[in-house]
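Worksheet: the structure to be examined is printed underneath.
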Amino acid sequence: MKKLKLFICLTTLCTIQILAQEKWNINYDGDIKIYTPKDLKSNKTFDVYTYGPIETLNQDLKNWVYETAKDKQKELGQPLKKWVVKSEKEDYAITNSYVDGNGVTMQVAYQGGKLEDGRNFFIRLITSTDLVIVLKYGTRFDDLVKDIKADMLTKKTTKAATKSMASNLTATTPTVTTAVETSNEALSPGNAPKGFLELRGVLKKGFSNGMLTTTSGVIALFKDGTYTSDIGRTFSKGIAASKSEKPNRWGHWRMRNNELELKAHGKTEYKDARDWLTEPAKENLKLNSCYGNITSSSTEGYGGGSTVGNASSWCFKNNGRFAHSKTGFANATGGVRGSTSSSNKTGGRYYLSDYVAKFVYDDGTEVTTSFCFLNEKKTHIAINGKRLMGK
């Protein structure tokens with residue numbers, strides 16, 4: 001029975017692999033298999049190097065990944081950051097950056113772990129310091145990692161595995177979720193907070209770097225005449241927790257002449273909301289698209305300036321699965337080097353219904369938050385109150 005299950009698993013994964021790898025050019029350098037997106041622009045880099053499977057003798061996996069990444073980095077150049085090994089479920093991951101032979105700062109990410117048969121695998125990702133590239137190929141890369149693992153299960157141990165650890169060191173990839181969701185259990189819809197009415201889009205004025213700016217946001221209206229912009233906390237922890245931790249993000253609303261008016265926390269007067277209606281999801285709606293958002297802030301000072309920010313990407317498939325990635329980045333001028341680094345990438349199953357999104361991650365974590373479409377064409381959405389644009 002175990003052999004039959006393994007055969008079914010491998011057959012299914014191989015079918016997925018054929019579909020995913022159609023989007024990649026594949027080259028070989030000895031035992032190393034190299035993947036590059038077929039639609040990658042000629043002046044950009046997004047190269048995935050795979051090493052293994054490799055057998056090790058009772059070696060600590062975390063330390064092995066650390067030493068492996070350091071050794072492989074010698075082929076590229078001096079790392080620009082300290083080495084920090086992060087745990088990614090059963091795997092370990094490291095990100096860094098370096099300056100290539102042309103003086104261009106590149107990003108490198110390593111990930112190592114064990115295959116289902118107990119042997120080790122390594123992947124190295126080298127990419128341009130371009131957030132658009134990271135967002136565009138991040139989810140496609142997640143699918144590729146699953147295929148790489150399945151592919152390695154069918155291969156013999158590489159020659160490098162017979163050498164000593166020092167000569168056997170290889171590389172890894174960014175923080176990625178590689179677990180495959182196998183549960184066929186139907187998801188149930190999530191629940192909105194008690195008394196919740198609807199979500200509204202609003203325009204907000206503010207100042208950034210001394211300039212007046214206008215940004216968009218989302219607020220939740222409640223039947224008792226209150227509203228909040230603290231949507232994530234309200235949907236996940238409840239109304240009481242949000243009011244206790246973020247009381248200044250609550251206020252009151254009313255309708256006058258069919259127009260929404262808001263009275264912010266601590267204010268005595270209502271003001272026009274400058275709002276628009278959002279659209280909820282149909283029950284158990286399935287999407288087949290990706291959405292992203294980039295936020296950043298800049299400062300200028302003597303000798304240079306800096307920009308820091310975050311990028312978020314959500315990709316949905318019509319089979320009920322999603323992938324979510326977050327990327328932090330920083331850039332500095334005036335002789336101070338800059339870099340970007342990939343943060344966590346996760347995935348699982350989703351259920352959309354009305355103004356509620358329920359996400360069940362592959363590690364079993366369940367998250368309930370808000371969801372809505374922000375425009376009629378449904379190219380912009382809001383998750384957790386955050387605006388995301390279609391790609």
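Ordered as shown in the structure tokens, chains take letters A, B, and onward, while each chain numbers its residues from 1 and ligands are numbered from 1 in the order shown.
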Test item, strand (DSSP E) assignment across stretch 40-253 of chain A, answer as a PyMOL selection string
chain A and resi 46-54+86-88+91-99+105-114+120-128+196-208+211-222+226-228+250-253
Would you pick out the contacts of A:Lys243 at 12 Å or less, using only C-alpha atoms, so that residues sharing its chain but fewer than 4 positions from it are not included, and give the list as an MDAnalysis selection string?
chainID A and resid 226:231 233:234 237:239 247:251 265
Best match for closeness to A:Lys86 among A:Lys149, A:Lys74, A:Lys44, A:Lys62, counting only C-alpha atoms
A:Lys62
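Atom pair atom CA of A:Tyr92 / atom CA of A:Gly118 has a distance of 15.1 Å (rounded to one decimal).
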Smallest atom-to-atom distance to A:Gly113: which of A:Ala273, A:Leu262, A:Ala93, A:Leu221, using only C-alpha atoms?
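For A:Gly113, the nearest of the given residues is A:Ala93.
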Sorted by chain and rising residue number, list the residues of stretch 188-276 of chain A at most 8 Å from stretch 348-355 of chain A (counting only C-alpha atoms), each with its closest atom pair and distance in Å to one decimal, as a tab-separated table.
```
residue	atom	partner	partner_atom	distance
A:Ser188	CA	A:Tyr351	CA	7.2
A:Pro189	CA	A:Tyr351	CA	6.0
A:Gly190	CA	A:Tyr351	CA	7.7
A:Ala192	CA	A:Tyr355	CA	7.7
A:Glu198	CA	A:Tyr355	CA	7.2
A:Leu199	CA	A:Tyr355	CA	7.3
```
Atomic distance atom CA of A:Ser97 - atom CA of A:Gly112, expressed in Å with one decimal:
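Rounded to one decimal, the two atoms are 17.8 Å apart.
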Quick one: residues within 10 Å of A:Tyr28, only C-alpha atoms counted, chain neighbours fewer than 4 positions away excluded, as a VMD selection string?
chain A and resid 32 to 35 49 to 50
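If you measure from each of A:Ala186, A:Met152, A:Tyr137, A:Lys81 to A:Lys38 using only C-alpha atoms, the closest one turns out to be A:Tyr137.
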List the neighbours of A:Pro79 out to 12 Å using only C-alpha atoms; skip same-chain residues closer than 5 positions along the sequence, and give me the result as a list in words.
Ala69, Lys70, Asp71, Lys72, Gln73, Lys74, Val84, Ile94, Thr95, Asn96, Ser97, Tyr98, Val99, Asp100, Thr105, Met106, Gln107, Val108, Ala109, Arg337 and Ser339 of chain A
To one decimal in Å, tell me the separation between atom CA of A:Gly266 and atom CA of A:Thr215.
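Between atom CA of A:Gly266 and atom CA of A:Thr215 the gap is 21.8 Å.
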Residues near A:Cys315, anyone? I mean within 6 Å using only C-alpha atoms, not counting same-chain ones fewer than 5 positions away, as a ChimeraX atom specification.
/A:289-290,322-323
Atoms to include: C-alpha atoms. Write the selected residues as a PDB file, in the first residue's frame.
```
ATOM      1  CA  SER A 289      -4.883  36.164 -11.014  1.00  0.00           C
ATOM      2  CA  CYS A 290      -2.135  37.892  -9.044  1.00  0.00           C
ATOM      3  CA  PHE A 322      -3.144  30.811  -3.016  1.00  0.00           C
ATOM      4  CA  ALA A 323       0.445  31.993  -2.629  1.00  0.00           C
TER       5      ALA A 323
END
```
